[in-house]
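Peer 1: Let me give you the structure first, and then I'll get to my questions.
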There are 4 protein chains.
Amino acid sequence: MNKRGFASDNNSGVHPKILEAIVNANSGHVAGYGDDVYTQQAVNEFKKHFGNEIQVFFVFNGTGANVLSINSLTNSFNAVICPATAHIFVDECGAPEKASGCKLIPVITQNGKLTPELIKPHLQGFGFEHHSQPKLISISQVTELGTVYTVDEIKAICDLAHQHNMLVHMDGARIANAAVSLDLPFKNFTKDAGVDVLSFGGTKNGMMFGEAVIFFNNDLAKNTKYFRKQSTQLYSKMRFIAAQFIAYFENDLWKTNATHSNKMASLLASKVEKLGIKITQDVSANGIFAIVDDDVRDKLQQDYFFYPWDELNHEVRWMTSFDTTPDDIENFHNALEQLLNE
Amino acid sequence: MNKRGFASDNNSGVHPKILEAIVNANSGHVAGYGDDVYTQQAVNEFKKHFGNEIQVFFVFNGTGANVLSINSLTNSFNAVICPATAHIFVDECGAPEKASGCKLIPVITQNGKLTPELIKPHLQGFGFEHHSQPKLISISQVTELGTVYTVDEIKAICDLAHQHNMLVHMDGARIANAAVSLDLPFKNFTKDAGVDVLSFGGTKNGMMFGEAVIFFNNDLAKNTKYFRKQSTQLYSKMRFIAAQFIAYFENDLWKTNATHSNKMASLLASKVEKLGIKITQDVSANGIFAIVDDDVRDKLQQDYFFYPWDELNHEVRWMTSFDTTPDDIENFHNALEQLLNE
Amino acid sequence: MNKRGFASDNNSGVHPKILEAIVNANSGHVAGYGDDVYTQQAVNEFKKHFGNEIQVFFVFNGTGANVLSINSLTNSFNAVICPATAHIFVDECGAPEKASGCKLIPVITQNGKLTPELIKPHLQGFGFEHHSQPKLISISQVTELGTVYTVDEIKAICDLAHQHNMLVHMDGARIANAAVSLDLPFKNFTKDAGVDVLSFGGTKNGMMFGEAVIFFNNDLAKNTKYFRKQSTQLYSKMRFIAAQFIAYFENDLWKTNATHSNKMASLLASKVEKLGIKITQDVSANGIFAIVDDDVRDKLQQDYFFYPWDELNHEVRWMTSFDTTPDDIENFHNALEQLLNE
Amino acid sequence: MNKRGFASDNNSGVHPKILEAIVNANSGHVAGYGDDVYTQQAVNEFKKHFGNEIQVFFVFNGTGANVLSINSLTNSFNAVICPATAHIFVDECGAPEKASGCKLIPVITQNGKLTPELIKPHLQGFGFEHHSQPKLISISQVTELGTVYTVDEIKAICDLAHQHNMLVHMDGARIANAAVSLDLPFKNFTKDAGVDVLSFGGTKNGMMFGEAVIFFNNDLAKNTKYFRKQSTQLYSKMRFIAAQFIAYFENDLWKTNATHSNKMASLLASKVEKLGIKITQDVSANGIFAIVDDDVRDKLQQDYFFYPWDELNHEVRWMTSFDTTPDDIENFHNALEQLLNE
């Protein structure tokens with residue numbers, strides 16, 4: 001048994017129900033590339049959550065989902081505005097720029113969340129050919145700092161974008177954790193709030209692989225199938241992504257997993273705070289950002305895998321997952337406590 | 001149970017041993033993105049076949065493998081020479097051009113196989129800045145027409161390439177079928193024949209997903225990890241590709257599968273030939289190209305899923321798979337016979 | 001005085017009237033990037049020839065014009081069909097692929113001219129996401145082999161394109177020579193024949209630098225100004241391109257130049273034919289393709305700069321220019337005659 | 001006579017000596033694309049200033065020079081660090097991202113100048129494949145805010161870059177103004193300070209068109225000729241750029257022009273300061289940044305063309321040029337004075 005740590009929710013494996021669905025889908029031949037009943041059913045599951053007027057495209061992974069979203073919504077002369085901490089800016093090795101040709105404009109935030117005030121200074125140069133034309137605002141829900149946008153915060157951004165004939169992309173790699181945190185249906189803080197395109201993640205919440213790009217405006221998706229193939233994100237044996245999503249929605253497995261993961265983060269946060277550890281961001285989902293002395297951190301990392309976040313400020317990141325147990329928290333807490341007392 | 005057809009070897013599901021390996025790897029947490037023991041072991045399995053001096057990069061799919069190979073070996077001002085039937089030219093929606101910026105030069109062949117004679121007229125303009133500089137020759141083994149290069153044929157191409165300071169990429173989406181057809185170890189007709197980079201496929205031979213890009217010259221791979229991430233092909237829960245490859249090599253599962261698949265193709269070919277059907281290409285692996293009247297084809301397609309290949313010439317393609325059974329062949333043959341007699 | 005040769009019509013300098021216009025435009029300050037009266041007037045000159053419903057974009061050079069045309073008319077998942085001899089396929093170091101991401105499909109022709117029959121086999125895979133979507137047909141007028149399309153030939157190609165929801169680009173690097181050859185206004189064999197976008201060249205016919213991209217459908221040009229800047233083709237001191245075009249159209253200087261150039265080619269062709277030299281293509285404009293023994297060619301090149309065209313077949317190319325004189329022809333003929341008699 | 005304004009140094013025309021050189025080069029035929037004696041001589045002129053160990057590539061314009069520099073020095077997975085005010089970040093419509101695929105990292109500065117302290121926080125993630133690999137630092141000399149780096153400031157940046165196996169690009173669109181401001185030879189604050197590649201501009205200082213990219217390390221230039229052609233920046237009648245540069249260096253015309261232009265800026269600055277106008281940046285070269293009430297600005301713009309710089313802060317930019325006269329300054333000053341007194 002591989003030991004569980006707090007490095008990332010993608011260090012965990014696959015929920016048994018997901019695996020079971022994969023096994024059950026492994027029967028005979030079906031057409032490749034999504035022209036099969038599993039894919040059809042999986043799309044229908046998304047429609048139950050987001051309404052019928054959507055277009056759903058399954059891809060392999062989150063970077064693929066983000067790139068496909070950006071490719072579908074921009075021309076190469078456009079600019080994409082995002083937080084300076086955004087996954088698309090920091091963690092994708094320039095995939096969005098390479099794939100789309102667009103300029104990414106990073107905006108410094110306090111908590112990973114854009115606001116209209118932060119965005120407005122970058123809404124300039126429209127129609128001026130020397131300037132990359134602002135076209136897309138990309139936000140992450142949950143953010144890379146573990147915070148969660150309220151519906152009103154998202155609406156304000158979407159309204160601003162649409163006033164300027166711009167669009168909004170949401171990177172929902174951890175959207176299930178956000179839905180649980182907000183205690184709201186997915187639709188309320190995406191489509192209904194004005195989001196145009198959503199990267200809907202599953203891998204970080206118990207799936208093996210596979211994400212979905214969801215378009216809330218069909219016109220935006222008219223070229224997406226070509227971009228998906230061209231960007232290497234069209235899966236041949238598509239039924240095995242589709243089957244996972246069917247299981248993911250069945251009996252709200254997504255919610256069960258995310259609820260647990262969020263709860264474990266809250267538990268961990270409350271326990272380490274009692275040890276005097278400073279938490280630097282709201283613990284709204286399944287991520288905890290905390291200040292830990294370097295030597296304590298180094299020793300703790302000998303037993304538990306996790307990442308420094310901001311080494312200069314001695315900040316670390318701890319992520320919980322669907323499979324994190326209260327015992328994991330207790331043991332981690334105890335190890336930390338012991339190191340602090342040394 | 002979904003019915004088996006002859007459309008593509010990626011219409012089949014996953015071999016039970018592969019699924020079992022996935023299930024067994026689903027334990028606890030491991031580091032993401034390939035920094036885990038499963039990946040290490042899978043790489044070692046490749047080294048048993050190709051020697052220790054290789055670099056292995058796992059990716060999601062075949063187009064991803066081809067794009068990663070081309071990105072690693074070229075600059076944007078280069079040209080890639082390939083058969084006009086090559087997957088990279090015909091079936092990837094321009095992914096190679098988009099990802100690399102390179103020009104693809106399609107060469108018309110009789111049987112899907114390049115030869116030095118066919119290549120030579122395109123080896124021109126070296127050093128002339130108006131001309132995309134020829135840098136890479138890409139061949140498919142098995143070819144898209146079901147034919148298989150001999151070792152000598154590959155050597156001749158590689159020698160020609162290297163004489164011109166060029167490199168050779170092999171698209172091995174069906175490399176297991178080629179190895180079985182040639183009755184040779186992988187290494188003999190790849191590394192030893194002079195191939196520089198290999199897309200090693202598994203999905204068409206019983207895996208769920210996952211391919212490997214293998215570099216036989218480490219210098220060529222020095223930037224590959226960045227290109228992999230940037231091209232959206234870096235998998236977070238890498239252990240689930242790695243575990244599949246471990247199982248794929250265990251007890252030569254790859255060979256068992258490919259041997260069976262090839263045998264089924266031979267069986268089908270010999271049976272339909274007796275029905276007077278003209279086979280247009282050598283049946284060297286698991287693909288059959290045949291001439292069938294349009295109305296017979298249309299009726300047969302009502303029961304069996306398969307693709308027309310060259311509609312103008314009434315040519316169809318039938319692919320067998322690791323899970324094709326003799327009964328499948330028999331039933332298909334009988335259905336065809338009945339239609340021919342109508 | 002640099003000696004005149006027959007290598008290319010861009011080896012010549014600038015017509016005195018063009019230079020004079022440049023000098024006259026060199027007065028005081030005007031707004032940069034085309035927001036000036038010279039540019040306005042130059043655009044108006046184009047409208048006199050092509051009608052008011054056009055959009056004109058000045059660029060530096062021919063490759064820039066072609067890339068801007070392709071960028072404006074395609075998405076990265078499109079394919080561009082062109083002759084295998086097209087400048088965009090052979091002579092631009094892959095600029096179109098790099099800039100647009102598109103696949104170029106080269107079609108082998110006898111005389112540099114596409115025909116519907118040659119194009120049709122490539123009009124396939126529409127709507128099929130694995131296949132680069134055919135979107136643009138690009139033809140050169142004059143072709144790279146010195147031949148000229150008739151109006152009917154162009155119409156047939158444009159009709160075929162439009163039937164398939166495709167567009168037609170004309171590379172008019174030598175469009176003046178074509179107009180003179182056809183003895184027709186520009187509009188007859190471009191806009192009126194169905195061409196959608198035209199690269200209108202001037203540099204090869206007496207200008208110093210500067211080409212124009214002309215859109216006959218304004219919708220196609222809605223993003224062109226951004227693509228022009230992003231592709232490095234927006235000139236700051238635009239008045240100096242504009243002034244050239246004004247002079248180019250004044251008193252039909254373009255026609256005077258091209259008429260002379262074409263006439264010189266006819267003269268040269270008739271004279272060398274009498275020497276027994278085989279001309280391989282119709283001499284419709286200012287290029288001559290001829291078979292010359294290698295040793296004669298080599299000796300002739302010691303005195304005159306020109307290019308071999310197809311070394312395997314001992315074919316050479318001789319280009320005349322607006323400044324080629326009858327004496328140049330006579331002297332070249334005599335030199336050739338002497339070499340043939342040695 | 002077009003009226004002179006203060007909008008940009010590219011609103012001016014061409015110095016008579018430059019025009020004369022163009023006219024003189026207009027003789028007979030010479031080989032295209034730079035294979036001519038004018039180009040050879042122009043390169044030699046650069047070698048007199050920068051030493052023999054350089055590679056020089058002429059291009060059409062500044063964006064072309066910057067793109068060619070970046071393409072030559074980076075892979076698509078690299079990051080380019082530059083000031084948030086850099087021309088490559090703000091004014092090129094995303095050309096660098098599109099052409100190179102790289103990520104641009106904008107750094108906020110007070111005066112348009114990077115410092116090691118500002119750069120260091122971005123020197124992270126080396127070897128980590130999720131992160132665009134920092135490879136290039138790009139600085140402008142003169143900066144976009146009219147300030148000028150000292151030799152020591154440049155050295156400090158170059159040293160930092162080289163310590164991290166990175167390179168330094170200088171955007172020298174106004175390098176002549178910088179040389180005059182520093183009263184130093186070009187070489188002192190470029191090659192000798194550690195700069196690796198230089199965009200050497202001429203258009204803003206009296207040339208008609210044409211810039212040069214100068215490599216101080218030949219290895220970095222080994223693919224540049226291909227990138228130049230592919231990026232549409234290879235000029236056919238190259239002699240007309242070359243001839244301009246020859247004239248530009250003859251009798252130090254560049255210095256005469258830049259000295260005058262800088263002096264006019266100083267004069268204007270000193271005069272408007274006496275009117276109580278606040279100057280916001282050091283006037284080190286030929287640009288002045290000043291605070292002017294919006295209504296005064298609007299009225300002044302009716303007579304003189306110039307740009308607002310930061311509308312929120314009522315900041316404007318005034319540029320002088322080689323052809324600005326003391327009378328122009330006097331008249332402009334008087335017009336401003338009158339408006340301030342209204």
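If you're wondering about the labels, chains in the structure tokens are A, B, ... by order shown, residues count from 1 in each chain, ligands from 1 in order shown.
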Tell me the residues of chain D close to chain B, meaning within 10 Å using only C-alpha atoms, as a VMD selection string.
Peer 2: chain D and resid 33 71 75 to 78 99 to 101 127 to 133 223 to 231 234
Peer 1: Go ahead and save the picked residues with N, CA, C and O atoms, as a compact mmCIF listing (two decimals), in the first residue's frame.
Peer 2:
# COMPACT_ATOMS: atom_id res chain seq x y z
N TYR D 33 18.09 39.21 -52.02
CA TYR D 33 18.10 38.59 -50.70
C TYR D 33 19.40 38.77 -49.93
O TYR D 33 19.68 38.03 -49.00
N ASN D 71 13.01 34.28 -31.74
CA ASN D 71 12.99 32.97 -32.40
C ASN D 71 14.36 32.31 -32.38
O ASN D 71 14.47 31.09 -32.22
N ASN D 75 13.31 28.24 -27.33
CA ASN D 75 12.38 27.20 -27.73
C ASN D 75 10.99 27.62 -27.25
O ASN D 75 10.86 28.48 -26.38
N SER D 76 9.99 26.94 -27.77
CA SER D 76 8.62 27.37 -27.45
C SER D 76 8.30 27.24 -25.96
O SER D 76 7.40 27.90 -25.47
N PHE D 77 9.05 26.40 -25.26
CA PHE D 77 8.73 26.19 -23.83
C PHE D 77 9.47 27.19 -22.93
O PHE D 77 9.46 27.04 -21.71
N ASN D 78 10.09 28.18 -23.52
CA ASN D 78 10.83 29.16 -22.74
C ASN D 78 9.96 30.33 -22.32
O ASN D 78 8.89 30.55 -22.87
N ALA D 99 4.91 33.99 -32.69
CA ALA D 99 6.03 33.51 -33.50
C ALA D 99 6.87 32.47 -32.77
O ALA D 99 7.40 31.55 -33.38
N SER D 100 7.00 32.64 -31.47
CA SER D 100 7.93 31.77 -30.73
C SER D 100 7.22 30.75 -29.87
O SER D 100 7.81 29.74 -29.49
N GLY D 101 5.95 31.00 -29.52
CA GLY D 101 5.27 30.13 -28.58
C GLY D 101 5.63 30.40 -27.13
O GLY D 101 5.06 29.80 -26.22
N GLY D 127 14.26 23.60 -14.83
CA GLY D 127 14.27 22.14 -14.86
C GLY D 127 12.94 21.50 -14.51
O GLY D 127 12.78 20.28 -14.62
N PHE D 128 11.99 22.33 -14.11
CA PHE D 128 10.66 21.84 -13.69
C PHE D 128 9.73 21.97 -14.89
O PHE D 128 9.42 23.07 -15.35
N GLU D 129 9.30 20.84 -15.41
CA GLU D 129 8.65 20.85 -16.72
C GLU D 129 7.28 21.51 -16.75
O GLU D 129 6.73 21.75 -17.84
N HIS D 130 6.73 21.79 -15.59
CA HIS D 130 5.42 22.47 -15.57
C HIS D 130 5.56 23.97 -15.82
O HIS D 130 4.57 24.65 -16.07
N HIS D 131 6.78 24.44 -15.72
CA HIS D 131 7.03 25.87 -15.73
C HIS D 131 7.75 26.27 -17.01
O HIS D 131 8.76 25.67 -17.37
N SER D 132 7.23 27.26 -17.69
CA SER D 132 7.96 27.81 -18.84
C SER D 132 9.37 28.15 -18.38
O SER D 132 9.54 28.89 -17.41
N GLN D 133 10.35 27.65 -19.08
CA GLN D 133 11.74 27.79 -18.64
C GLN D 133 12.29 29.18 -18.97
O GLN D 133 12.42 29.54 -20.15
N ASN D 223 20.59 29.29 -36.96
CA ASN D 223 19.33 29.05 -37.65
C ASN D 223 18.61 30.33 -38.07
O ASN D 223 17.49 30.28 -38.56
N THR D 224 19.27 31.46 -37.83
CA THR D 224 18.57 32.73 -38.00
C THR D 224 18.14 32.99 -39.43
O THR D 224 17.07 33.56 -39.68
N LYS D 225 18.94 32.56 -40.39
CA LYS D 225 18.55 32.86 -41.77
C LYS D 225 17.25 32.15 -42.13
O LYS D 225 16.44 32.69 -42.89
N TYR D 226 17.03 30.98 -41.58
CA TYR D 226 15.77 30.28 -41.84
C TYR D 226 14.61 30.98 -41.12
O TYR D 226 13.53 31.13 -41.66
N PHE D 227 14.86 31.35 -39.88
CA PHE D 227 13.79 32.04 -39.14
C PHE D 227 13.43 33.36 -39.83
O PHE D 227 12.28 33.77 -39.84
N ARG D 228 14.45 34.06 -40.39
CA ARG D 228 14.15 35.33 -41.06
C ARG D 228 13.22 35.11 -42.24
O ARG D 228 12.22 35.82 -42.39
N LYS D 229 13.54 34.12 -43.06
CA LYS D 229 12.68 33.87 -44.21
C LYS D 229 11.30 33.42 -43.74
O LYS D 229 10.28 33.91 -44.22
N GLN D 230 11.27 32.49 -42.79
CA GLN D 230 9.98 31.94 -42.37
C GLN D 230 9.10 32.99 -41.69
O GLN D 230 7.88 32.91 -41.75
N SER D 231 9.74 33.97 -41.06
CA SER D 231 8.95 34.99 -40.39
C SER D 231 8.64 36.17 -41.32
O SER D 231 8.24 37.24 -40.86
N LEU D 234 12.59 38.47 -44.84
CA LEU D 234 13.70 38.50 -45.78
C LEU D 234 13.33 39.36 -46.99
O LEU D 234 12.38 39.06 -47.71
Peer 1: List the spatial neighbours of Met264 (chain D) as a short mmCIF file (atom, residue, chain, number, x, y, z; two decimals) with C-alpha atoms, in the first residue's frame - criterion: any atom at most 8 Å away, only C-alpha atoms, same-chain residues fewer than 6 positions off excluded.
Peer 2:
data_model
loop_
_atom_site.label_atom_id
_atom_site.label_comp_id
_atom_site.auth_asym_id
_atom_site.auth_seq_id
_atom_site.Cartn_x
_atom_site.Cartn_y
_atom_site.Cartn_z
CA ASN D 286 14.31 61.96 -27.24
CA THR D 320 11.34 64.59 -30.85
CA SER D 321 12.98 63.48 -34.06
CA THR D 324 12.54 68.57 -35.20
CA THR D 325 13.63 72.22 -35.32
CA PRO D 326 14.12 74.74 -32.52
CA ILE D 329 9.87 73.55 -30.06
#
Peer 1: Near Asn61 (chain B), within 7 Å and counting only C-alpha atoms, which residues show up once chain neighbours fewer than 4 positions away are dropped, as a PyMOL selection string?
Peer 2: chain B and resi 65+209-211
Peer 1: For all heavy atoms, I'd like the residues from the last selection saved as an mmCIF file, in the first residue's frame.
Peer 2:
data_model
loop_
_atom_site.group_PDB
_atom_site.id
_atom_site.type_symbol
_atom_site.label_atom_id
_atom_site.label_comp_id
_atom_site.auth_asym_id
_atom_site.auth_seq_id
_atom_site.Cartn_x
_atom_site.Cartn_y
_atom_site.Cartn_z
ATOM 1 N N ALA B 65 2.010 11.145 -29.298
ATOM 2 C CA ALA B 65 3.355 10.567 -29.439
ATOM 3 C C ALA B 65 4.035 11.095 -30.698
ATOM 4 O O ALA B 65 5.222 11.443 -30.675
ATOM 5 C CB ALA B 65 3.265 9.042 -29.482
ATOM 6 N N PHE B 209 -5.219 3.046 -22.736
ATOM 7 C CA PHE B 209 -4.701 4.294 -23.288
ATOM 8 C C PHE B 209 -3.227 4.325 -22.931
ATOM 9 O O PHE B 209 -2.775 3.590 -22.051
ATOM 10 C CB PHE B 209 -5.425 5.529 -22.737
ATOM 11 C CG PHE B 209 -5.219 5.756 -21.261
ATOM 12 C CD1 PHE B 209 -4.405 6.787 -20.796
ATOM 13 C CD2 PHE B 209 -5.843 4.938 -20.324
ATOM 14 C CE1 PHE B 209 -4.208 6.997 -19.432
ATOM 15 C CE2 PHE B 209 -5.659 5.147 -18.957
ATOM 16 C CZ PHE B 209 -4.838 6.164 -18.504
ATOM 17 N N GLY B 210 -2.488 5.195 -23.613
ATOM 18 C CA GLY B 210 -1.078 5.317 -23.296
ATOM 19 C C GLY B 210 -0.190 4.791 -24.402
ATOM 20 O O GLY B 210 -0.375 3.688 -24.908
ATOM 21 N N GLU B 211 0.745 5.629 -24.791
ATOM 22 C CA GLU B 211 1.755 5.262 -25.766
ATOM 23 C C GLU B 211 3.101 5.721 -25.181
ATOM 24 O O GLU B 211 3.151 6.448 -24.188
ATOM 25 C CB GLU B 211 1.517 5.968 -27.111
ATOM 26 C CG GLU B 211 0.074 5.975 -27.580
ATOM 27 C CD GLU B 211 -0.307 4.811 -28.501
ATOM 28 O OE1 GLU B 211 0.480 4.513 -29.426
ATOM 29 O OE2 GLU B 211 -1.370 4.193 -28.282
#
Peer 1: Hey, which of A:Ala269, A:Leu123, A:Met319, A:Leu275 ends up closest to Ala335 (chain A)? Count only C-alpha atoms.
Peer 2: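 Counting only C-alpha atoms, the residue closest to Ala335 (chain A) is A:Leu275.
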Peer 1: I'd like the contact shell of Lys237 (chain C) - 10 Å cut-off, only C-alpha atoms, skipping same-chain residues fewer than 2 positions apart - returned as a PyMOL selection string.
Peer 2: (chain C and resi 29-36+234-235+239-242) or (chain D and resi 10-14+203-204+207-209)
Peer 1: Skip Phe57 (chain C) itself and residues of its chain fewer than 6 positions away, then list as number ranges by chain all residues within 7 Å of it, counting only C-alpha atoms.
Peer 2: C: 212-214
